[in-house]
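This report refers to the structure that appears directly beneath it.
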Amino acid sequence: MQPMPHGCSVADFRLETDRLVLRDWHSDADWEQFFRHTNTAAVMRWLGGVLSTDGMTLQRDRVESCAARHGHCFWLVERQEDGGHLAGEVLGFCGLKRADAPGSSVTGAVEIGWRMREDAWGHGYAKEAARAAMTAGFEQFGAEEIVALTVIENSASWGLMERLGMRRHEELDYPDTRYDPPWRDTIVYSMARTAWIASD
């Protein structure tokens with residue numbers, strides 16, 4: 001994946017869809033809203049469980065370090081101010097990073113990830129955000145392939161991967177030793193640029 005275009009700083013990045021804005025994090029308030037809405041038992045069920053204060057700090061540090069290294073990472077997702085469901089609200093995050101989990105079978109690959117608050121589920125926001133991020137990955141950042149990771153029990157997550165056109169690669173599944181079951185055994189999906197172009 002190529003770095004951000006010259007003259008476009010991390011804080012400048014913004015994607016808009018029909019209903020959403022994907023943008024970089026601008027303040028402590030962004031993070032406070034994100035964790036308030038997403039650090040819940042329902043949202044974190046398949047993501048390692050509710051984060052402690054230290055866990056939230058560590059996650060923020062990881063995202064900010066990733067963005068500093070690569071020019072982008074997981075972007076904040078907001079509902080546009082259009083009078084619709086959750087207008088103007090922080091919905092979660094979605095974006096692209098380099099896969100870097102210990103023992104990963106896809107280390108270094110461009111990885112897409114998302115996390116949406118519970119009352120945003122079922123409205124197509126995650127798919128809309130993920131499609132925007134995938135398009136940016138292939139068209140703006142030059143990715144040849146994008147991977148996505150989850151656990152087999154998280155059917156909502158891998159179901160979205162399949163709706164995006166991604167394909168399962170059982171031969172690449174691996175245990176993430178940072179976690180105990182049911183969060184340990186990671187399954188891998190991916191999509192190539194050629195398949196993405198053909199699907200449009």
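The way I read the labels, and the way they are meant: chains A, B, ... in the order of the structure tokens, residue 1 as the first residue of every chain, and ligand 1 as the first ligand shown, with later ones counted on from there.
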Within 8 Å of region 159-171 of chain A: each region 96-151 of chain A residue with its shortest pair, only C-alpha atoms, as a Markdown table:
```
| residue | atom | partner | partner_atom | distance |
| --- | --- | --- | --- | --- |
| A:Lys127 | CA | A:Leu160 | CA | 6.7 |
| A:Arg131 | CA | A:Leu164 | CA | 7.2 |
| A:Ala148 | CA | A:Met161 | CA | 7.3 |
```
Residues from last step as file, N, CA and C atoms, as a compact mmCIF listing (two decimals), in the first residue's frame:
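Heads up, here's the output in part-v2.txt:
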```
# COMPACT_ATOMS: atom_id res chain seq x y z
N LYS A 127 -21.55 -1.92 6.08
CA LYS A 127 -21.25 -2.24 4.69
C LYS A 127 -20.92 -0.98 3.90
N ARG A 131 -17.31 -0.54 2.20
CA ARG A 131 -17.16 -0.36 0.75
C ARG A 131 -16.33 0.89 0.45
N ALA A 148 -9.45 -9.51 5.65
CA ALA A 148 -10.29 -9.20 6.81
C ALA A 148 -10.25 -10.40 7.75
```
Which of chain A end up as strand (DSSP E) when DSSP is run on this backbone - answer as a JSON list (two decimals) with C-alpha atoms, in the first residue's frame?
```json
[["chain", "number", "residue", "atom", "x", "y", "z"],
["A", 14, "ARG", "CA", -11.98, 12.41, 4.78],
["A", 15, "LEU", "CA", -14.28, 10.09, 2.84],
["A", 16, "GLU", "CA", -17.97, 10.74, 2.33],
["A", 20, "LEU", "CA", -21.52, 8.60, 6.32],
["A", 21, "VAL", "CA", -18.26, 10.45, 6.88],
["A", 22, "LEU", "CA", -15.05, 8.49, 7.45],
["A", 23, "ARG", "CA", -12.34, 10.78, 8.81],
["A", 74, "PHE", "CA", -9.04, 2.96, 11.25],
["A", 75, "TRP", "CA", -11.04, 6.12, 10.58],
["A", 76, "LEU", "CA", -13.79, 7.50, 12.78],
["A", 77, "VAL", "CA", -17.24, 6.90, 11.22],
["A", 78, "GLU", "CA", -19.94, 9.53, 11.69],
["A", 79, "ARG", "CA", -23.51, 9.70, 10.42],
["A", 90, "VAL", "CA", -20.26, 8.84, 16.00],
["A", 91, "LEU", "CA", -21.11, 5.32, 14.84],
["A", 92, "GLY", "CA", -17.78, 3.56, 15.25],
["A", 93, "PHE", "CA", -14.67, 3.08, 13.14],
["A", 94, "CYS", "CA", -13.72, 1.53, 9.82],
["A", 95, "GLY", "CA", -10.47, 1.63, 7.93],
["A", 96, "LEU", "CA", -7.28, 0.02, 6.74],
["A", 97, "LYS", "CA", -4.09, -1.05, 8.48],
["A", 98, "ARG", "CA", -1.22, -3.48, 8.02],
["A", 110, "VAL", "CA", -3.58, -4.61, 3.93],
["A", 111, "GLU", "CA", -6.32, -5.38, 6.46],
["A", 112, "ILE", "CA", -9.76, -3.82, 6.66],
["A", 113, "GLY", "CA", -11.55, -3.62, 10.00],
["A", 114, "TRP", "CA", -14.72, -2.10, 11.41],
["A", 115, "ARG", "CA", -16.58, -1.69, 14.68],
["A", 116, "MET", "CA", -20.05, -0.17, 14.97],
["A", 145, "GLU", "CA", -5.39, -7.41, -2.06],
["A", 146, "ILE", "CA", -7.26, -6.61, 1.16],
["A", 147, "VAL", "CA", -7.77, -9.12, 3.97],
["A", 148, "ALA", "CA", -10.29, -9.20, 6.81],
["A", 149, "LEU", "CA", -10.08, -11.17, 10.07],
["A", 150, "THR", "CA", -12.58, -12.39, 12.62],
["A", 151, "VAL", "CA", -13.51, -15.51, 14.61],
["A", 167, "ARG", "CA", -13.60, -15.09, -0.01],
["A", 168, "ARG", "CA", -12.66, -17.35, 2.91],
["A", 174, "TYR", "CA", -4.36, -19.08, 12.58],
["A", 175, "PRO", "CA", -4.48, -18.80, 16.39],
["A", 185, "ASP", "CA", -8.84, -18.80, 16.51],
["A", 186, "THR", "CA", -8.79, -16.31, 13.66],
["A", 187, "ILE", "CA", -10.35, -16.91, 10.25],
["A", 188, "VAL", "CA", -9.17, -15.09, 7.13],
["A", 189, "TYR", "CA", -11.07, -13.58, 4.22],
["A", 190, "SER", "CA", -9.63, -11.59, 1.34],
["A", 191, "MET", "CA", -10.42, -9.86, -1.92],
["A", 192, "ALA", "CA", -8.12, -9.00, -4.79]]
```
Quiz item: Interatomic distance between CA of Trp183 (chain A) and CA of Ser52 (chain A)?
Solution: 16.8 Å
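Between CA of His26 (chain A) and CA of Arg60 (chain A) there is a distance of 12.3 Å.
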Practice problem: Pick out each residue of chain A that DSSP on the backbone tags as helix (DSSP H, G or I); I need them as a ChimeraX atom specification. | Solution: /A:10-12,28-38,53-70,118-120,125-140,155-163,170-172,193-199
Self-check item: Pick from A:Asp30, A:Val43, A:Asp61, A:Gly49, whichever lies nearest to Cys73 (chain A) using only C-alpha atoms
Solution: A:Asp61
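A straight line drawn from CA of Glu144 (chain A) to CA of Arg62 (chain A) is 24.1 Å long.
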Quiz item: Of the residues A:His37, A:Arg45, A:His123, A:His72, which is the one nearest to Arg19 (chain A), using only C-alpha atoms?
Solution: A:His123
